[in-house]
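Source file my_file10.txt; content: compact mmCIF, N, CA and C atoms and all ligand atoms.
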```txt
# COMPACT_ATOMS: atom_id res chain seq x y z
N MET A 2 109.18 127.62 106.56
CA MET A 2 108.08 126.72 106.98
C MET A 2 107.46 126.05 105.76
N GLU A 3 107.27 124.73 105.86
CA GLU A 3 106.79 123.93 104.73
C GLU A 3 105.37 123.43 105.03
N SER A 4 104.62 123.15 103.94
CA SER A 4 103.27 122.58 104.10
C SER A 4 103.17 121.26 103.36
N THR A 5 102.24 120.41 103.80
CA THR A 5 101.98 119.15 103.10
C THR A 5 100.50 118.82 103.21
N LEU A 6 100.03 117.95 102.31
CA LEU A 6 98.63 117.55 102.36
C LEU A 6 98.49 116.18 103.00
N CYS A 7 97.58 116.14 103.96
CA CYS A 7 97.25 114.90 104.69
C CYS A 7 95.79 114.56 104.40
N ILE A 8 95.52 113.29 104.12
CA ILE A 8 94.12 112.83 104.08
C ILE A 8 93.98 111.67 105.05
N ILE A 9 93.02 111.80 105.96
CA ILE A 9 92.61 110.64 106.76
C ILE A 9 91.55 109.94 105.91
N LYS A 10 91.86 108.71 105.48
CA LYS A 10 91.07 108.02 104.45
C LYS A 10 89.79 107.42 105.05
N PRO A 11 88.83 107.04 104.18
CA PRO A 11 87.52 106.59 104.67
C PRO A 11 87.57 105.42 105.67
N ASP A 12 88.53 104.52 105.55
CA ASP A 12 88.59 103.40 106.52
C ASP A 12 88.85 103.92 107.92
N ALA A 13 89.81 104.84 108.05
CA ALA A 13 90.18 105.36 109.37
C ALA A 13 89.07 106.25 109.95
N VAL A 14 88.37 106.98 109.08
CA VAL A 14 87.25 107.80 109.55
C VAL A 14 86.14 106.87 110.08
N LYS A 15 85.78 105.86 109.26
CA LYS A 15 84.73 104.90 109.66
C LYS A 15 85.07 104.19 110.96
N ASN A 16 86.37 103.87 111.13
CA ASN A 16 86.78 103.12 112.32
C ASN A 16 87.02 104.01 113.54
N GLY A 17 86.76 105.32 113.39
CA GLY A 17 86.83 106.22 114.54
C GLY A 17 88.24 106.61 114.97
N HIS A 18 89.19 106.66 114.02
CA HIS A 18 90.58 106.94 114.37
C HIS A 18 91.02 108.40 114.19
N VAL A 19 90.10 109.28 113.80
CA VAL A 19 90.52 110.66 113.47
C VAL A 19 91.23 111.34 114.63
N GLU A 20 90.63 111.29 115.81
CA GLU A 20 91.23 112.00 116.96
C GLU A 20 92.59 111.42 117.32
N ASP A 21 92.69 110.10 117.30
CA ASP A 21 93.97 109.46 117.66
C ASP A 21 95.06 109.79 116.65
N ILE A 22 94.69 109.82 115.36
CA ILE A 22 95.67 110.17 114.32
C ILE A 22 96.13 111.62 114.52
N ASN A 23 95.19 112.52 114.75
CA ASN A 23 95.57 113.92 114.90
C ASN A 23 96.39 114.17 116.18
N LYS A 24 96.13 113.38 117.20
CA LYS A 24 96.94 113.47 118.42
C LYS A 24 98.39 113.10 118.11
N LYS A 25 98.57 112.01 117.35
CA LYS A 25 99.93 111.59 116.98
C LYS A 25 100.63 112.65 116.12
N ILE A 26 99.87 113.24 115.21
CA ILE A 26 100.46 114.28 114.35
C ILE A 26 100.94 115.46 115.22
N GLU A 27 100.06 115.92 116.11
CA GLU A 27 100.41 117.08 116.93
C GLU A 27 101.52 116.76 117.92
N GLU A 28 101.50 115.55 118.47
CA GLU A 28 102.57 115.14 119.41
C GLU A 28 103.93 115.12 118.72
N SER A 29 103.93 114.91 117.39
CA SER A 29 105.21 114.89 116.67
C SER A 29 105.70 116.30 116.34
N GLY A 30 104.96 117.31 116.78
CA GLY A 30 105.40 118.70 116.58
C GLY A 30 104.95 119.30 115.25
N ILE A 31 104.02 118.61 114.57
CA ILE A 31 103.48 119.11 113.30
C ILE A 31 102.16 119.80 113.60
N GLU A 32 101.94 120.97 112.94
CA GLU A 32 100.73 121.76 113.19
C GLU A 32 99.68 121.48 112.10
N ILE A 33 98.43 121.30 112.52
CA ILE A 33 97.32 121.12 111.58
C ILE A 33 96.70 122.49 111.37
N ILE A 34 96.90 123.06 110.17
CA ILE A 34 96.42 124.44 109.99
C ILE A 34 95.05 124.52 109.32
N LYS A 35 94.65 123.48 108.60
CA LYS A 35 93.29 123.42 108.04
C LYS A 35 92.82 121.98 108.12
N SER A 36 91.52 121.78 108.35
CA SER A 36 90.98 120.43 108.47
C SER A 36 89.51 120.45 108.08
N LYS A 37 89.11 119.54 107.21
CA LYS A 37 87.70 119.47 106.84
C LYS A 37 87.29 118.04 106.53
N ARG A 38 86.16 117.64 107.11
CA ARG A 38 85.60 116.31 106.84
C ARG A 38 84.61 116.40 105.69
N LEU A 39 84.78 115.59 104.68
CA LEU A 39 83.88 115.59 103.52
C LEU A 39 84.05 114.31 102.72
N THR A 40 83.05 114.02 101.88
CA THR A 40 83.18 112.90 100.94
C THR A 40 83.69 113.47 99.62
N LEU A 41 84.81 112.93 99.14
CA LEU A 41 85.41 113.44 97.90
C LEU A 41 84.52 113.10 96.70
N LYS A 42 84.38 114.04 95.79
CA LYS A 42 83.73 113.78 94.51
C LYS A 42 84.66 112.91 93.67
N LYS A 43 84.05 112.08 92.81
CA LYS A 43 84.85 111.15 92.01
C LYS A 43 85.89 111.86 91.14
N TYR A 44 85.51 112.97 90.51
CA TYR A 44 86.46 113.63 89.58
C TYR A 44 87.66 114.21 90.34
N ILE A 45 87.45 114.57 91.60
CA ILE A 45 88.57 115.09 92.40
C ILE A 45 89.51 113.94 92.80
N ALA A 46 88.93 112.81 93.23
CA ALA A 46 89.78 111.65 93.57
C ALA A 46 90.56 111.19 92.34
N GLU A 47 89.93 111.21 91.18
CA GLU A 47 90.61 110.79 89.93
C GLU A 47 91.77 111.72 89.61
N GLU A 48 91.54 113.02 89.74
CA GLU A 48 92.61 113.98 89.44
C GLU A 48 93.73 113.85 90.48
N PHE A 49 93.32 113.71 91.73
CA PHE A 49 94.28 113.64 92.82
C PHE A 49 95.27 112.48 92.62
N TYR A 50 94.75 111.31 92.23
CA TYR A 50 95.57 110.10 92.05
C TYR A 50 95.90 109.84 90.58
N ALA A 51 95.89 110.90 89.75
CA ALA A 51 96.11 110.75 88.30
C ALA A 51 97.41 110.02 87.97
N GLU A 52 98.44 110.18 88.83
CA GLU A 52 99.73 109.52 88.54
C GLU A 52 99.58 107.99 88.49
N HIS A 53 98.50 107.47 89.10
CA HIS A 53 98.29 106.02 89.13
C HIS A 53 97.23 105.56 88.12
N SER A 54 96.82 106.44 87.20
CA SER A 54 95.65 106.14 86.35
C SER A 54 95.83 104.91 85.47
N GLU A 55 97.06 104.52 85.17
CA GLU A 55 97.29 103.34 84.33
C GLU A 55 97.48 102.06 85.16
N ARG A 56 97.52 102.20 86.47
CA ARG A 56 97.78 101.03 87.34
C ARG A 56 96.49 100.22 87.51
N PRO A 57 96.63 98.89 87.67
CA PRO A 57 95.43 98.05 87.80
C PRO A 57 94.56 98.37 89.02
N PHE A 58 95.18 98.93 90.08
CA PHE A 58 94.41 99.19 91.30
C PHE A 58 93.70 100.55 91.28
N TYR A 59 93.87 101.34 90.19
CA TYR A 59 93.33 102.71 90.16
C TYR A 59 91.81 102.78 90.35
N PRO A 60 91.00 101.98 89.62
CA PRO A 60 89.54 102.07 89.83
C PRO A 60 89.13 101.76 91.27
N GLU A 61 89.78 100.75 91.84
CA GLU A 61 89.51 100.37 93.23
C GLU A 61 89.91 101.50 94.20
N LEU A 62 91.04 102.14 93.91
CA LEU A 62 91.53 103.24 94.74
C LEU A 62 90.55 104.41 94.72
N VAL A 63 90.07 104.76 93.53
CA VAL A 63 89.11 105.88 93.40
C VAL A 63 87.79 105.52 94.09
N ASP A 64 87.33 104.29 93.89
CA ASP A 64 86.09 103.85 94.57
C ASP A 64 86.22 103.95 96.08
N PHE A 65 87.36 103.47 96.59
CA PHE A 65 87.58 103.50 98.04
C PHE A 65 87.63 104.94 98.55
N MET A 66 88.36 105.80 97.85
CA MET A 66 88.54 107.17 98.35
C MET A 66 87.24 107.98 98.32
N THR A 67 86.25 107.50 97.54
CA THR A 67 84.97 108.21 97.47
C THR A 67 83.86 107.44 98.20
N SER A 68 84.26 106.41 98.96
CA SER A 68 83.26 105.52 99.58
C SER A 68 82.67 106.06 100.88
N GLY A 69 83.21 107.13 101.39
CA GLY A 69 82.73 107.69 102.65
C GLY A 69 83.52 108.95 102.96
N ASP A 70 83.26 109.53 104.12
CA ASP A 70 83.97 110.77 104.47
C ASP A 70 85.48 110.53 104.63
N CYS A 71 86.23 111.53 104.19
CA CYS A 71 87.66 111.66 104.47
C CYS A 71 87.81 112.89 105.37
N VAL A 72 88.99 113.05 105.97
CA VAL A 72 89.33 114.33 106.58
C VAL A 72 90.54 114.87 105.82
N ILE A 73 90.33 116.02 105.15
CA ILE A 73 91.37 116.65 104.34
C ILE A 73 92.08 117.67 105.23
N GLN A 74 93.41 117.62 105.28
CA GLN A 74 94.12 118.52 106.20
C GLN A 74 95.38 119.09 105.54
N ILE A 75 95.68 120.32 105.90
CA ILE A 75 96.98 120.89 105.54
C ILE A 75 97.82 120.95 106.81
N LEU A 76 99.01 120.38 106.71
CA LEU A 76 99.94 120.34 107.85
C LEU A 76 101.09 121.29 107.58
N GLN A 77 101.64 121.83 108.66
CA GLN A 77 102.74 122.78 108.51
C GLN A 77 103.82 122.51 109.54
N GLY A 78 105.07 122.74 109.12
CA GLY A 78 106.20 122.57 110.04
C GLY A 78 107.49 122.55 109.25
N ASP A 79 108.61 122.55 109.96
CA ASP A 79 109.91 122.44 109.30
C ASP A 79 110.03 121.05 108.70
N ASP A 80 110.41 120.98 107.42
CA ASP A 80 110.66 119.67 106.77
C ASP A 80 109.46 118.73 106.90
N VAL A 81 108.25 119.31 106.85
CA VAL A 81 107.04 118.53 107.21
C VAL A 81 106.71 117.45 106.19
N VAL A 82 107.06 117.63 104.92
CA VAL A 82 106.75 116.60 103.91
C VAL A 82 107.40 115.29 104.33
N LYS A 83 108.69 115.35 104.60
CA LYS A 83 109.45 114.15 104.97
C LYS A 83 109.05 113.65 106.36
N ARG A 84 108.90 114.57 107.31
CA ARG A 84 108.58 114.14 108.67
C ARG A 84 107.21 113.47 108.74
N TYR A 85 106.23 114.00 108.00
CA TYR A 85 104.90 113.38 108.04
C TYR A 85 104.89 112.03 107.31
N ARG A 86 105.65 111.91 106.20
CA ARG A 86 105.76 110.59 105.53
C ARG A 86 106.36 109.56 106.50
N GLU A 87 107.34 109.97 107.28
CA GLU A 87 107.94 109.05 108.26
C GLU A 87 106.92 108.64 109.31
N LEU A 88 106.14 109.60 109.78
CA LEU A 88 105.11 109.31 110.78
C LEU A 88 104.04 108.36 110.21
N MET A 89 103.73 108.49 108.91
CA MET A 89 102.72 107.63 108.27
C MET A 89 103.16 106.17 108.22
N GLY A 90 104.41 105.93 107.88
CA GLY A 90 104.90 104.56 107.69
C GLY A 90 104.69 104.07 106.27
N ALA A 91 105.14 102.84 106.01
CA ALA A 91 105.13 102.28 104.65
C ALA A 91 103.71 102.16 104.11
N THR A 92 103.59 102.20 102.77
CA THR A 92 102.29 102.10 102.09
C THR A 92 101.54 100.84 102.52
N ASN A 93 102.27 99.72 102.60
CA ASN A 93 101.66 98.47 103.07
C ASN A 93 101.80 98.39 104.59
N PRO A 94 100.68 98.42 105.32
CA PRO A 94 100.78 98.43 106.78
C PRO A 94 101.54 97.23 107.36
N ALA A 95 101.57 96.12 106.61
CA ALA A 95 102.32 94.94 107.08
C ALA A 95 103.82 95.25 107.15
N GLU A 96 104.26 96.26 106.39
CA GLU A 96 105.68 96.63 106.37
C GLU A 96 105.96 97.92 107.16
N ALA A 97 104.94 98.48 107.76
CA ALA A 97 105.10 99.78 108.45
C ALA A 97 105.75 99.57 109.83
N VAL A 98 106.68 100.45 110.14
CA VAL A 98 107.41 100.41 111.41
C VAL A 98 106.43 100.62 112.58
N GLU A 99 106.71 99.97 113.69
CA GLU A 99 105.87 100.08 114.89
C GLU A 99 105.74 101.54 115.32
N GLY A 100 104.52 101.92 115.67
CA GLY A 100 104.27 103.27 116.14
C GLY A 100 103.89 104.25 115.04
N THR A 101 104.04 103.83 113.76
CA THR A 101 103.63 104.71 112.66
C THR A 101 102.11 104.64 112.49
N LEU A 102 101.55 105.66 111.82
CA LEU A 102 100.09 105.74 111.68
C LEU A 102 99.53 104.52 110.96
N ARG A 103 100.22 104.07 109.91
CA ARG A 103 99.70 102.92 109.16
C ARG A 103 99.84 101.62 109.95
N GLN A 104 100.90 101.49 110.72
CA GLN A 104 101.02 100.29 111.56
C GLN A 104 99.90 100.28 112.60
N LEU A 105 99.60 101.44 113.15
CA LEU A 105 98.62 101.51 114.23
C LEU A 105 97.17 101.43 113.73
N PHE A 106 96.89 102.07 112.58
CA PHE A 106 95.49 102.31 112.21
C PHE A 106 95.04 101.72 110.88
N ALA A 107 95.96 101.17 110.07
CA ALA A 107 95.56 100.65 108.75
C ALA A 107 95.40 99.15 108.79
N SER A 108 94.55 98.65 107.89
CA SER A 108 94.32 97.21 107.88
C SER A 108 94.85 96.52 106.63
N SER A 109 95.01 97.24 105.52
CA SER A 109 95.46 96.60 104.28
C SER A 109 96.16 97.60 103.37
N LEU A 110 96.80 97.08 102.32
CA LEU A 110 97.49 97.93 101.35
C LEU A 110 96.52 98.90 100.68
N GLY A 111 95.34 98.42 100.34
CA GLY A 111 94.36 99.27 99.67
C GLY A 111 93.70 100.27 100.60
N GLU A 112 93.47 99.85 101.84
CA GLU A 112 92.78 100.71 102.82
C GLU A 112 93.77 101.02 103.94
N ASN A 113 94.60 102.03 103.69
CA ASN A 113 95.76 102.23 104.55
C ASN A 113 95.74 103.53 105.37
N ALA A 114 94.54 103.96 105.72
CA ALA A 114 94.29 104.95 106.79
C ALA A 114 94.64 106.40 106.47
N VAL A 115 95.81 106.63 105.87
CA VAL A 115 96.24 108.01 105.68
C VAL A 115 96.97 108.20 104.34
N HIS A 116 96.90 109.42 103.86
CA HIS A 116 97.70 109.85 102.70
C HIS A 116 98.61 110.98 103.14
N GLY A 117 99.77 111.06 102.50
CA GLY A 117 100.65 112.22 102.67
C GLY A 117 101.40 112.49 101.38
N SER A 118 101.55 113.76 101.04
CA SER A 118 102.31 114.14 99.83
C SER A 118 103.71 113.55 99.90
N ASP A 119 104.23 113.10 98.73
CA ASP A 119 105.52 112.42 98.73
C ASP A 119 106.70 113.31 98.36
N SER A 120 106.45 114.59 98.05
CA SER A 120 107.53 115.55 97.76
C SER A 120 106.95 116.96 97.91
N LYS A 121 107.84 117.95 97.94
CA LYS A 121 107.36 119.34 98.02
C LYS A 121 106.52 119.70 96.81
N GLN A 122 106.94 119.18 95.65
CA GLN A 122 106.22 119.44 94.40
C GLN A 122 104.82 118.81 94.45
N SER A 123 104.73 117.57 94.92
CA SER A 123 103.41 116.92 95.08
C SER A 123 102.56 117.69 96.07
N ALA A 124 103.17 118.16 97.16
CA ALA A 124 102.42 118.90 98.17
C ALA A 124 101.78 120.14 97.55
N GLU A 125 102.54 120.85 96.72
CA GLU A 125 101.99 122.06 96.08
C GLU A 125 100.82 121.70 95.17
N ARG A 126 100.98 120.64 94.37
CA ARG A 126 99.93 120.21 93.45
C ARG A 126 98.68 119.79 94.22
N GLU A 127 98.87 119.00 95.27
CA GLU A 127 97.74 118.45 96.02
C GLU A 127 97.02 119.53 96.83
N ILE A 128 97.77 120.46 97.41
CA ILE A 128 97.14 121.57 98.16
C ILE A 128 96.33 122.42 97.18
N ALA A 129 96.84 122.62 95.97
CA ALA A 129 96.09 123.41 94.96
C ALA A 129 94.77 122.72 94.60
N ILE A 130 94.77 121.38 94.51
CA ILE A 130 93.54 120.65 94.19
C ILE A 130 92.52 120.78 95.33
N MET A 131 92.99 120.69 96.56
CA MET A 131 92.07 120.60 97.71
C MET A 131 91.73 121.95 98.34
N ASN A 132 92.52 122.99 98.06
CA ASN A 132 92.39 124.25 98.79
C ASN A 132 91.00 124.87 98.71
N ASN A 133 90.33 124.72 97.57
CA ASN A 133 89.01 125.36 97.46
C ASN A 133 87.89 124.53 98.09
N LEU A 134 88.24 123.40 98.71
CA LEU A 134 87.22 122.61 99.41
C LEU A 134 87.06 123.03 100.88
N PHE A 135 88.02 123.80 101.39
CA PHE A 135 87.94 124.18 102.81
C PHE A 135 86.92 125.29 103.02
P1 LIG B 1 99.31 107.74 99.32
O1 LIG B 1 99.60 108.38 97.98
O2 LIG B 1 97.87 107.29 99.46
O3 LIG B 1 99.81 108.56 100.46
P2 LIG B 1 101.68 106.16 99.05
O4 LIG B 1 102.30 107.39 98.51
O5 LIG B 1 102.32 105.50 100.22
O6 LIG B 1 100.16 106.37 99.41
P3 LIG B 1 101.26 105.28 96.34
O7 LIG B 1 102.25 104.45 95.60
O8 LIG B 1 101.15 106.72 96.01
O9 LIG B 1 101.54 105.07 97.90
O10 LIG B 1 99.85 104.57 96.14
C1 LIG B 1 98.65 105.30 96.38
C2 LIG B 1 97.67 104.38 97.08
O11 LIG B 1 97.25 103.37 96.18
C3 LIG B 1 98.24 103.64 98.28
O12 LIG B 1 98.12 104.37 99.46
C4 LIG B 1 97.42 102.38 98.32
O13 LIG B 1 96.23 102.57 99.06
C5 LIG B 1 97.07 102.14 96.88
N1 LIG B 1 97.96 101.14 96.31
C6 LIG B 1 99.25 101.28 95.98
N2 LIG B 1 99.76 100.16 95.48
C7 LIG B 1 98.75 99.25 95.50
C8 LIG B 1 98.63 97.89 95.09
N3 LIG B 1 99.66 97.21 94.58
N4 LIG B 1 97.42 97.29 95.27
C9 LIG B 1 96.37 97.97 95.78
N5 LIG B 1 96.42 99.26 96.17
C10 LIG B 1 97.59 99.90 96.03
MG MG B 2 101.41 108.56 96.99
```
Just dump the structure as structure tokens.
Amino acid sequence: MESTLCIIKPDAVKNGHVEDINKKIEESGIEIIKSKRLTLKKYIAEEFYAEHSERPFYPELVDFMTSGDCVIQILQGDDVVKRYRELMGATNPAEAVEGTLRQLFASSLGENAVHGSDSKQSAEREIAIMNNLF
């Protein structure tokens, strides 16, 4: 059994999509084993997205991720890292396949509704960062 980190981002929380997103996750056979709504502290958002620290969009990304409540979740299931990334859809919602979370609930590349770990190694790192917030 594998775990991955999911974040419902501030745009989706503000727009009232939390229940609909979690319904889609559960309908896909993925289990939500931990869930907490909170506003991320800036230093946590910075550490979380450290891989992007040299990119031009990094300050905007950190500002957005700390702009309101997120829902931080740990998901569990067979092959869940890959399966949840597929359910999320492409980073840019304009390119996301129909029926994916980003196609359904995201409005832009910067404000794209959900996060999901992109590998088992990332999942371990991200769960370690967030685990003490639950
Ligand atoms: P996430 O890590 O949030 O699940 P991802 O793995 O699909 O998304 P990354 O390449 O890790 O995509 O980018 C992290 C986040 O940074 C994206 O979700 C998006 O909100 C933002 N981002 C990525 N590229 C750009 C860009 N060119 N302009 C603005 N924002 C961007
Ligand atoms: Mg990523």
* Which residue of A:Glu99, A:Gln74, A:Ala13, A:Ile8 approaches ligand LIG 1 (chain B) most closely, using only N, CA and C atoms and all ligand atoms ->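 Among the listed residues, A:Ile8 lies closest to ligand LIG 1 (chain B).
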* Give the answer as one residue: which of A:Gln104, A:Ser68, A:Ser118, A:Thr5 has the shortest atom-to-atom distance to ligand LIG 1 (chain B), using all atoms listed in the file? => A:Ser118
Could you build a table of the residues in chain A lying no more than 9 Å from ligand MG 2 (chain B), giving for each the nearest pair of atoms and their separation in Å rounded to one decimal place, using only C-alpha atoms and all ligand atoms, ordered by chain and ascending residue number, as CSV?
```
residue,atom,partner,partner_atom,distance
A:Tyr50,CA,B:MG2,MG,7.8
A:Glu52,CA,B:MG2,MG,8.7
A:His53,CA,B:MG2,MG,8.8
A:Thr92,CA,B:MG2,MG,8.3
A:His116,CA,B:MG2,MG,6.9
A:Gly117,CA,B:MG2,MG,6.8
A:Ser118,CA,B:MG2,MG,6.3
A:Asp119,CA,B:MG2,MG,5.9
A:Ser123,CA,B:MG2,MG,8.8
```
* Best match for closeness to ligand LIG 1 (chain B) among A:Pro11, A:Gly30, A:Gly90, A:Gly100, counting only C-alpha atoms and all ligand atoms ->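 Among the listed residues, the smallest separation from ligand LIG 1 (chain B) belongs to A:Gly90.
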* **Proximity to Lys37 in chain A - best of A:Cys71, A:Ala114, A:Glu96, A:Ile128, all atoms listed in the file** =>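 The answer is A:Cys71, which sits nearest to Lys37 in chain A.
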* Asked: Nearest to Glu61 in chain A among A:Ala124, A:Cys7, A:Leu110, A:Leu134, with distances taken over only C-alpha atoms: which residue is it?
  ->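 Of all the options, A:Leu110 lies closest to Glu61 in chain A.
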* Within 6.5 Å of Val63 in chain A, counting only N, CA and C atoms, which residues show up once you throw out same-chain ones fewer than 5 positions away? Write them as JSON, numbers by chain, please. => {"A": [46, 47, 58, 68]}
* Nearest to ligand LIG 1 (chain B): which of A:Asn16, A:Gln122, A:Asn132, A:Asn93 is it, counting only C-alpha atoms and all ligand atoms? ->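 Closest to ligand LIG 1 (chain B), using only C-alpha atoms and all ligand atoms: A:Asn93.
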* Asked: Can you list, as a count of residues only, every protein, DNA or RNA residue that comes within 7 Å of Pro94 in chain A when you count all atoms listed in the file, leaving out same-chain residues fewer than 5 positions away?
  -> 7
* May I have the residues within 8 Å of Val19 in chain A as a VMD selection string, using only C-alpha atoms and disregarding those fewer than 3 positions away in the same chain? => chain A and resid 9 13 to 14 22 to 23 72
* Asked: Any idea what the distance is between atom N of Gly111 in chain A and atom C of Ser36 in chain A?
  ->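 Between these atoms lies a distance of 24.1 Å.
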* Asked: How would you write, as a PyMOL selection string, the set of residues in range 22-67 of chain A that DSSP gives as strand (DSSP E)?
  -> chain A and resi 32-39
* atom N of Lys83 in chain A and atom C of Ala97 in chain A are how many Å apart? -> 16.9 Å
